[in-house]
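For reference, upload29.txt (compact mmCIF, C-alpha atoms):
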```
# COMPACT_ATOMS: atom_id res chain seq x y z
CA MET H 97 19.98 203.03 -236.75
CA THR H 98 17.12 205.45 -237.50
CA SER H 99 16.28 208.47 -235.36
CA SER H 100 13.01 206.82 -234.29
CA GLU H 101 14.93 203.76 -233.11
CA VAL H 102 17.31 205.95 -231.13
CA ARG H 103 14.36 207.78 -229.53
CA ARG H 104 12.73 204.47 -228.63
CA GLN H 105 15.94 203.23 -226.99
CA ASP H 106 16.13 206.49 -225.05
CA ALA H 107 12.50 206.05 -223.98
CA ASP H 108 13.14 202.47 -222.84
CA ALA H 109 16.10 203.63 -220.75
CA ALA H 110 13.97 206.41 -219.26
CA LEU H 111 11.23 203.93 -218.39
CA ARG H 112 13.71 201.72 -216.53
CA LEU H 113 14.87 204.73 -214.53
CA LEU H 114 11.29 205.81 -213.82
CA CYS H 115 10.19 202.35 -212.73
CA ASP H 116 13.22 201.15 -210.76
CA GLY H 117 15.30 204.20 -209.89
CA GLU H 118 15.71 205.44 -206.36
CA LEU H 119 13.50 208.50 -206.04
CA GLU H 120 14.76 211.46 -204.00
CA LEU H 121 12.47 214.46 -203.62
CA GLU H 122 13.96 217.79 -204.68
CA GLY H 123 11.14 220.31 -204.29
CA ARG H 124 7.51 221.16 -204.94
CA LEU H 125 6.07 222.95 -207.98
CA VAL H 126 3.96 225.46 -206.08
CA ASP H 127 1.85 226.66 -209.04
CA ALA H 128 0.29 223.23 -209.61
CA SER H 129 -3.24 222.64 -208.31
CA ASN H 130 -2.38 219.10 -207.18
CA THR H 131 0.69 218.03 -205.22
CA THR H 132 3.45 218.03 -207.86
CA LEU H 133 7.02 217.30 -206.86
CA ARG H 134 10.30 217.35 -208.72
CA ALA H 135 12.60 214.49 -207.86
CA ILE H 136 15.91 212.91 -208.85
CA LEU H 137 16.02 209.29 -210.03
CA THR H 138 19.18 207.19 -209.68
CA LEU H 139 19.78 203.70 -211.08
CA ASP H 140 23.05 201.94 -211.94
CA GLY H 141 24.96 205.21 -212.13
CA GLN H 142 22.31 206.87 -214.30
CA THR H 143 20.38 209.90 -213.06
CA ALA H 144 17.46 211.93 -214.34
CA ARG H 145 14.89 214.35 -213.01
CA CYS H 146 11.21 213.52 -212.94
CA VAL H 147 7.82 214.91 -211.93
CA TYR H 148 6.19 212.84 -209.19
CA LYS H 149 2.46 213.31 -208.54
CA PRO H 150 1.30 211.19 -205.59
CA VAL H 151 -2.30 210.00 -205.65
CA ARG H 152 -2.80 211.20 -202.07
CA GLY H 153 -2.06 214.75 -203.24
CA GLU H 154 -4.79 214.83 -205.89
CA ARG H 155 -7.42 217.51 -205.30
CA PRO H 156 -10.97 216.08 -205.55
CA LEU H 157 -12.83 217.09 -208.71
CA TRP H 158 -16.58 217.05 -209.22
CA ASP H 159 -16.42 215.34 -212.61
CA PHE H 160 -13.50 212.89 -212.28
CA PRO H 161 -13.39 209.98 -209.81
CA ASP H 162 -11.07 210.50 -206.84
CA GLY H 163 -7.63 208.93 -207.05
CA THR H 164 -7.63 208.40 -210.82
CA LEU H 165 -5.55 211.30 -212.14
CA ALA H 166 -2.21 209.49 -211.94
CA GLY H 167 -3.58 206.62 -214.01
CA ARG H 168 -4.82 209.10 -216.60
CA GLU H 169 -1.33 210.61 -216.83
CA VAL H 170 0.06 207.15 -217.59
CA SER H 171 -2.74 206.43 -220.07
CA ALA H 172 -1.94 209.61 -222.01
CA TYR H 173 1.64 208.41 -222.35
CA LEU H 174 0.51 204.98 -223.54
CA VAL H 175 -1.65 206.49 -226.29
CA SER H 176 1.10 208.94 -227.26
CA ARG H 177 3.60 206.09 -227.51
CA ALA H 178 1.20 204.10 -229.67
CA THR H 179 0.94 206.98 -232.16
CA GLY H 180 4.70 206.96 -232.70
CA TRP H 181 4.73 210.73 -232.23
CA ASP H 182 6.05 210.46 -228.65
CA LEU H 183 4.50 213.75 -227.61
CA VAL H 184 4.10 212.83 -223.94
CA PRO H 185 7.28 212.23 -221.89
CA PRO H 186 7.76 208.68 -220.57
CA THR H 187 5.39 208.21 -217.63
CA VAL H 188 4.81 205.32 -215.21
CA LEU H 189 2.77 204.54 -212.10
CA ARG H 190 5.02 203.65 -209.18
CA ASP H 191 5.45 203.89 -205.45
CA GLY H 192 7.30 206.86 -203.98
CA PRO H 193 7.98 208.66 -200.70
CA LEU H 194 4.34 209.81 -200.52
CA GLY H 195 2.84 206.58 -201.84
CA PRO H 196 1.76 205.52 -205.33
CA GLY H 197 1.66 208.16 -208.02
CA SER H 198 2.59 209.05 -211.57
CA CYS H 199 6.24 209.60 -212.36
CA GLN H 200 7.11 211.43 -215.58
CA LEU H 201 10.48 212.27 -217.10
CA TRP H 202 11.35 215.95 -216.56
CA ILE H 203 11.76 217.96 -219.77
CA ASP H 204 14.33 220.76 -219.73
CA GLU H 205 13.54 223.57 -222.14
CA PRO H 206 16.64 225.17 -223.73
CA ASP H 207 17.14 228.83 -222.89
CA ASP H 208 16.78 229.74 -226.57
CA ALA H 209 13.62 227.68 -227.15
CA GLU H 210 11.02 229.63 -229.11
CA PRO H 211 7.53 229.44 -227.54
CA LEU H 212 4.78 228.10 -229.77
CA VAL H 213 1.80 229.43 -227.77
CA GLY H 214 1.32 232.74 -226.02
CA PHE H 215 -0.19 236.21 -225.77
CA VAL H 216 1.04 238.59 -228.48
CA PRO H 217 0.04 242.19 -229.35
CA ALA H 218 -3.16 241.98 -231.36
CA GLU H 219 -1.69 244.08 -234.20
CA ALA H 220 1.51 241.98 -234.35
CA VAL H 221 0.44 238.34 -234.51
CA PRO H 222 3.48 236.56 -236.02
CA PRO H 223 3.21 235.18 -239.56
CA ARG H 224 1.88 231.62 -239.68
CA TRP H 225 0.30 231.97 -236.25
CA PHE H 226 -3.40 231.49 -235.47
CA PRO H 227 -5.12 233.98 -233.14
CA VAL H 228 -7.63 231.98 -231.10
CA ALA H 229 -8.86 234.45 -228.45
CA ALA H 230 -8.83 238.18 -227.71
CA ALA H 231 -7.54 239.69 -224.48
CA ARG H 232 -6.45 242.99 -222.92
CA ASP H 233 -3.74 243.76 -220.40
CA ASP H 234 -4.19 245.82 -217.25
CA ASP H 235 -3.71 249.02 -219.26
CA GLY H 236 -6.33 248.07 -221.84
CA ALA H 237 -3.91 247.20 -224.64
CA ALA H 238 -5.26 244.59 -227.05
CA TYR H 239 -3.61 241.20 -227.18
CA ALA H 240 -4.34 237.91 -228.89
CA LEU H 241 -3.87 234.43 -227.50
CA ALA H 242 -2.27 232.69 -230.47
CA HIS H 243 -0.29 229.63 -231.46
CA ALA H 244 2.01 228.67 -234.29
CA ASP H 245 0.75 226.90 -237.39
CA ASP H 246 3.27 224.16 -236.70
CA PRO H 247 2.84 220.50 -237.72
CA ARG H 248 4.20 219.39 -234.35
CA LEU H 249 1.45 221.33 -232.58
CA ALA H 250 -1.13 219.98 -235.04
CA ARG H 251 -0.19 216.46 -233.99
CA LEU H 252 -0.65 217.47 -230.35
CA ALA H 253 -4.09 218.87 -231.19
CA VAL H 254 -5.04 215.52 -232.74
CA LEU H 255 -3.74 213.66 -229.69
CA ASP H 256 -5.74 215.94 -227.39
CA ALA H 257 -8.90 215.18 -229.37
CA VAL H 258 -8.26 211.45 -228.90
CA LEU H 259 -7.51 211.87 -225.19
CA ASN H 260 -10.48 214.22 -224.65
CA ASN H 261 -8.06 216.57 -222.89
CA ALA H 262 -9.95 218.99 -220.66
CA ASP H 263 -6.92 221.14 -219.82
CA ARG H 264 -4.54 221.90 -222.71
CA LYS H 265 -3.06 225.16 -221.47
CA GLY H 266 -0.30 226.93 -223.35
CA GLY H 267 2.01 226.32 -220.41
CA HIS H 268 1.50 222.59 -220.86
CA VAL H 269 3.32 222.71 -224.22
CA LEU H 270 7.07 222.34 -223.80
CA VAL H 271 9.86 222.67 -226.36
CA GLY H 272 12.67 220.27 -225.51
CA ALA H 273 16.03 219.42 -227.00
CA GLU H 274 16.33 219.05 -230.78
CA ASP H 275 13.17 221.16 -231.20
CA ARG H 276 10.96 218.31 -230.04
CA ILE H 277 7.70 219.36 -228.41
CA TYR H 278 5.94 217.69 -225.52
CA GLY H 279 2.55 217.94 -223.91
CA VAL H 280 2.36 217.52 -220.13
CA ASP H 281 -0.31 217.51 -217.39
CA HIS H 282 -2.87 214.95 -218.58
CA GLY H 283 -4.64 214.18 -215.32
CA VAL H 284 -8.02 215.39 -216.60
CA CYS H 285 -8.29 213.36 -219.79
CA PHE H 286 -10.37 210.35 -220.90
CA HIS H 287 -13.75 211.41 -219.49
CA VAL H 288 -16.66 209.60 -221.15
CA GLU H 289 -18.39 212.94 -221.76
CA ALA H 290 -17.01 215.40 -224.31
CA LYS H 291 -14.80 217.84 -222.40
CA LEU H 292 -12.16 219.02 -224.87
CA ARG H 293 -10.74 222.34 -223.64
CA THR H 294 -7.65 223.60 -225.38
CA VAL H 295 -5.81 226.66 -226.64
CA LEU H 296 -4.98 224.83 -229.89
CA TRP H 297 -8.13 225.71 -231.85
CA GLY H 298 -6.31 227.19 -234.84
CA TRP H 299 -7.07 224.19 -237.06
CA ALA H 300 -10.72 223.83 -235.98
CA GLY H 301 -12.77 222.30 -238.78
CA ARG H 302 -9.77 221.93 -241.10
CA GLN H 303 -8.77 218.72 -242.80
CA LEU H 304 -6.50 216.43 -240.82
CA PRO H 305 -2.93 215.96 -242.08
CA ALA H 306 -2.33 212.71 -243.96
CA ASP H 307 0.02 211.38 -241.27
CA ALA H 308 -2.67 211.95 -238.63
CA VAL H 309 -5.17 209.87 -240.63
CA GLN H 310 -2.63 207.05 -240.82
CA VAL H 311 -2.00 207.24 -237.08
CA LEU H 312 -5.73 207.12 -236.32
CA ASP H 313 -6.03 204.00 -238.47
CA THR H 314 -3.21 202.40 -236.49
CA LEU H 315 -4.75 203.41 -233.15
CA ALA H 316 -8.09 201.91 -234.12
CA GLY H 317 -6.43 198.53 -234.53
CA GLN H 318 -4.29 198.79 -231.41
CA LEU H 319 -7.21 199.69 -229.16
CA GLY H 320 -8.68 196.28 -229.86
CA GLY H 321 -5.47 194.63 -228.68
CA GLU H 322 -2.50 195.42 -226.48
CA LEU H 323 -3.12 199.18 -226.15
CA GLY H 324 -6.71 198.63 -225.07
CA ALA H 325 -5.57 196.11 -222.46
CA GLU H 326 -2.91 198.51 -221.14
CA LEU H 327 -5.42 201.35 -220.86
CA ALA H 328 -7.88 199.10 -219.04
CA GLU H 329 -5.36 198.86 -216.18
CA HIS H 330 -5.88 202.58 -215.48
CA LEU H 331 -9.28 203.50 -216.98
CA THR H 332 -12.78 202.05 -216.86
CA LEU H 333 -13.95 199.90 -219.73
CA GLY H 334 -16.37 202.68 -220.68
CA GLU H 335 -13.54 205.19 -220.85
CA VAL H 336 -11.45 202.87 -223.01
CA ALA H 337 -14.43 202.34 -225.32
CA GLU H 338 -14.85 206.11 -225.68
CA VAL H 339 -11.23 206.45 -226.78
CA GLY H 340 -12.11 204.14 -229.65
CA ALA H 341 -15.29 206.09 -230.38
CA ARG H 342 -13.36 209.38 -230.57
CA VAL H 343 -10.82 207.81 -232.90
CA GLU H 344 -13.63 206.60 -235.15
CA ARG H 345 -15.30 210.03 -235.22
CA LEU H 346 -12.04 211.67 -236.22
CA ARG H 347 -11.53 209.06 -238.95
CA ASP H 348 -15.09 209.53 -240.21
CA THR H 349 -14.93 213.33 -240.41
CA GLY H 350 -11.28 213.58 -241.42
CA ARG H 351 -11.23 217.00 -239.75
CA PHE H 352 -10.09 218.66 -236.54
CA PRO H 353 -12.98 219.06 -234.06
CA LEU H 354 -14.83 222.34 -233.69
CA PRO H 355 -14.98 224.26 -230.38
CA PRO H 356 -17.94 223.21 -228.25
CA GLN H 357 -20.93 225.47 -227.78
CA GLU H 358 -22.24 223.81 -224.60
CA TRP H 359 -19.20 224.29 -222.34
CA PRO H 360 -16.07 226.50 -222.20
CA ALA H 361 -13.79 225.78 -225.15
CA MET H 362 -10.63 226.90 -223.33
CA PRO H 363 -9.14 226.09 -219.93
CA TRP H 364 -8.64 228.81 -217.36
CA PRO H 365 -6.14 230.26 -217.09
CA PRO H 366 -5.19 229.56 -220.70
CA MET H 367 -1.42 229.77 -220.07
```
Please express what this file holds, its structure, as structure tokens.
Amino acid sequence: MTSSEVRRQDADAALRLLCDGELELEGRLVDASNTTLRAILTLDGQTARCVYKPVRGERPLWDFPDGTLAGREVSAYLVSRATGWDLVPPTVLRDGPLGPGSCQLWIDEPDDAEPLVGFVPAEAVPPRWFPVAAARDDDGAAYALAHADDPRLARLAVLDAVLNNADRKGGHVLVGAEDRIYGVDHGVCFHVEAKLRTVLWGWAGRQLPADAVQVLDTLAGQLGGELGAELAEHLTLGEVAEVGARVERLRDTGRFPLPPQEWPAMPWPPM
């Protein structure tokens, strides 16, 4: 059995837990802007932690329709799964103690996990890291917001371009077991207008990796079939069509997108 087959079996088991497991609330993540709860799932003797975001706890936004963020979280997982990169933890829409909401597998980061994004002294940016913004601390010392030149992060940057992710903070990049990376918090994705805001600009304008081009080709076909139908359960038809349009633009240019000039290129705060 290949490692990808093992991962897919693990994902299928996680989806069963997420969909059918008994959900017991454990606590609230107080730093989140929307109601975000950690919970324990139990099913047939299996347990796992998850992040539960009830629709009723979503803070209204001026540019996204009310009550749609949970469906966007699920849609990001569906696109990630279709790429084969599995960069978004298994995520479903289900009922819970506070009503319907998104439910995503909790990712534990090992204590010795090396961060891939962060603020570093401006004169000591690590080798093979990209500085993407300048900053100063309270004492005036110069720092750089930077990220690793890592192929796993490059895949996440491609996925964000497809999702039109308006909020890729450094803190939304997790390093899990076996050095796998995950992106989380995708409630503000899939807008029909260009809204890409990310800290992963290190590859801006550079040629896409060969595996990314292959994945985009695959996505283009899937959007006309099962993937497009799955997304249409959570997004408008216009939003689904724009996913396809973004995929086509990336295929046509063969390059990572450039930072926008008309709106902020990075989320705030960036970490």
Within 12 Å of Asp208 in chain H using only C-alpha atoms, minus same-chain residues under 3 positions, as a ChimeraX atom specification: /H:204-205,211,271-275
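Counting from CA of Val147 in chain H, the distance to CA of Val269 in chain H is 15.2 Å.
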Starting from the point (2.0, 223.5, -232.2), work out which residues of protein, DNA or RNA have an atom no more than 12 Å away when counting all atoms listed in the file; state them as a VMD selection string. chain H and resid 183 210 to 214 224 to 226 242 to 256 264 to 266 268 to 271 275 to 279 294 to 299
Emit the selected residues as an mmCIF file, keeping the file's coordinate frame, including C-alpha atoms.
```cif
data_model
loop_
_atom_site.group_PDB
_atom_site.id
_atom_site.type_symbol
_atom_site.label_atom_id
_atom_site.label_comp_id
_atom_site.auth_asym_id
_atom_site.auth_seq_id
_atom_site.Cartn_x
_atom_site.Cartn_y
_atom_site.Cartn_z
ATOM 1 C CA LEU H 183 4.500 213.750 -227.610
ATOM 2 C CA GLU H 210 11.020 229.630 -229.110
ATOM 3 C CA PRO H 211 7.530 229.440 -227.540
ATOM 4 C CA LEU H 212 4.780 228.100 -229.770
ATOM 5 C CA VAL H 213 1.800 229.430 -227.770
ATOM 6 C CA GLY H 214 1.320 232.740 -226.020
ATOM 7 C CA ARG H 224 1.880 231.620 -239.680
ATOM 8 C CA TRP H 225 0.300 231.970 -236.250
ATOM 9 C CA PHE H 226 -3.400 231.490 -235.470
ATOM 10 C CA ALA H 242 -2.270 232.690 -230.470
ATOM 11 C CA HIS H 243 -0.290 229.630 -231.460
ATOM 12 C CA ALA H 244 2.010 228.670 -234.290
ATOM 13 C CA ASP H 245 0.750 226.900 -237.390
ATOM 14 C CA ASP H 246 3.270 224.160 -236.700
ATOM 15 C CA PRO H 247 2.840 220.500 -237.720
ATOM 16 C CA ARG H 248 4.200 219.390 -234.350
ATOM 17 C CA LEU H 249 1.450 221.330 -232.580
ATOM 18 C CA ALA H 250 -1.130 219.980 -235.040
ATOM 19 C CA ARG H 251 -0.190 216.460 -233.990
ATOM 20 C CA LEU H 252 -0.650 217.470 -230.350
ATOM 21 C CA ALA H 253 -4.090 218.870 -231.190
ATOM 22 C CA VAL H 254 -5.040 215.520 -232.740
ATOM 23 C CA LEU H 255 -3.740 213.660 -229.690
ATOM 24 C CA ASP H 256 -5.740 215.940 -227.390
ATOM 25 C CA ARG H 264 -4.540 221.900 -222.710
ATOM 26 C CA LYS H 265 -3.060 225.160 -221.470
ATOM 27 C CA GLY H 266 -0.300 226.930 -223.350
ATOM 28 C CA HIS H 268 1.500 222.590 -220.860
ATOM 29 C CA VAL H 269 3.320 222.710 -224.220
ATOM 30 C CA LEU H 270 7.070 222.340 -223.800
ATOM 31 C CA VAL H 271 9.860 222.670 -226.360
ATOM 32 C CA ASP H 275 13.170 221.160 -231.200
ATOM 33 C CA ARG H 276 10.960 218.310 -230.040
ATOM 34 C CA ILE H 277 7.700 219.360 -228.410
ATOM 35 C CA TYR H 278 5.940 217.690 -225.520
ATOM 36 C CA GLY H 279 2.550 217.940 -223.910
ATOM 37 C CA THR H 294 -7.650 223.600 -225.380
ATOM 38 C CA VAL H 295 -5.810 226.660 -226.640
ATOM 39 C CA LEU H 296 -4.980 224.830 -229.890
ATOM 40 C CA TRP H 297 -8.130 225.710 -231.850
ATOM 41 C CA GLY H 298 -6.310 227.190 -234.840
ATOM 42 C CA TRP H 299 -7.070 224.190 -237.060
#
```
Neighbour list for Asp233 in chain H as a ChimeraX atom specification, cut-off 10 Å, only C-alpha atoms, skip fewer than 6 positions in-chain: /H:215,217,239
List as a ChimeraX atom specification the residues having at least one atom at most 7 Å from position (15.5, 206.7, -204.8) as given in the file, counting all atoms listed in the file. /H:117-120,137-138
Residue among H:Leu292, H:Asp162, H:Asp127, H:Gly334 lying closest to Met367 in chain H, counting all atoms listed in the file: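 Ranked by minimum distance to Met367 in chain H, first place goes to H:Asp127.
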Just how far from CA of Val288 in chain H is CA of Glu338 in chain H, in Å to one decimal? 6.0 Å
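The space separating CA of Ala218 in chain H from CA of Pro366 in chain H comes to 16.5 Å.
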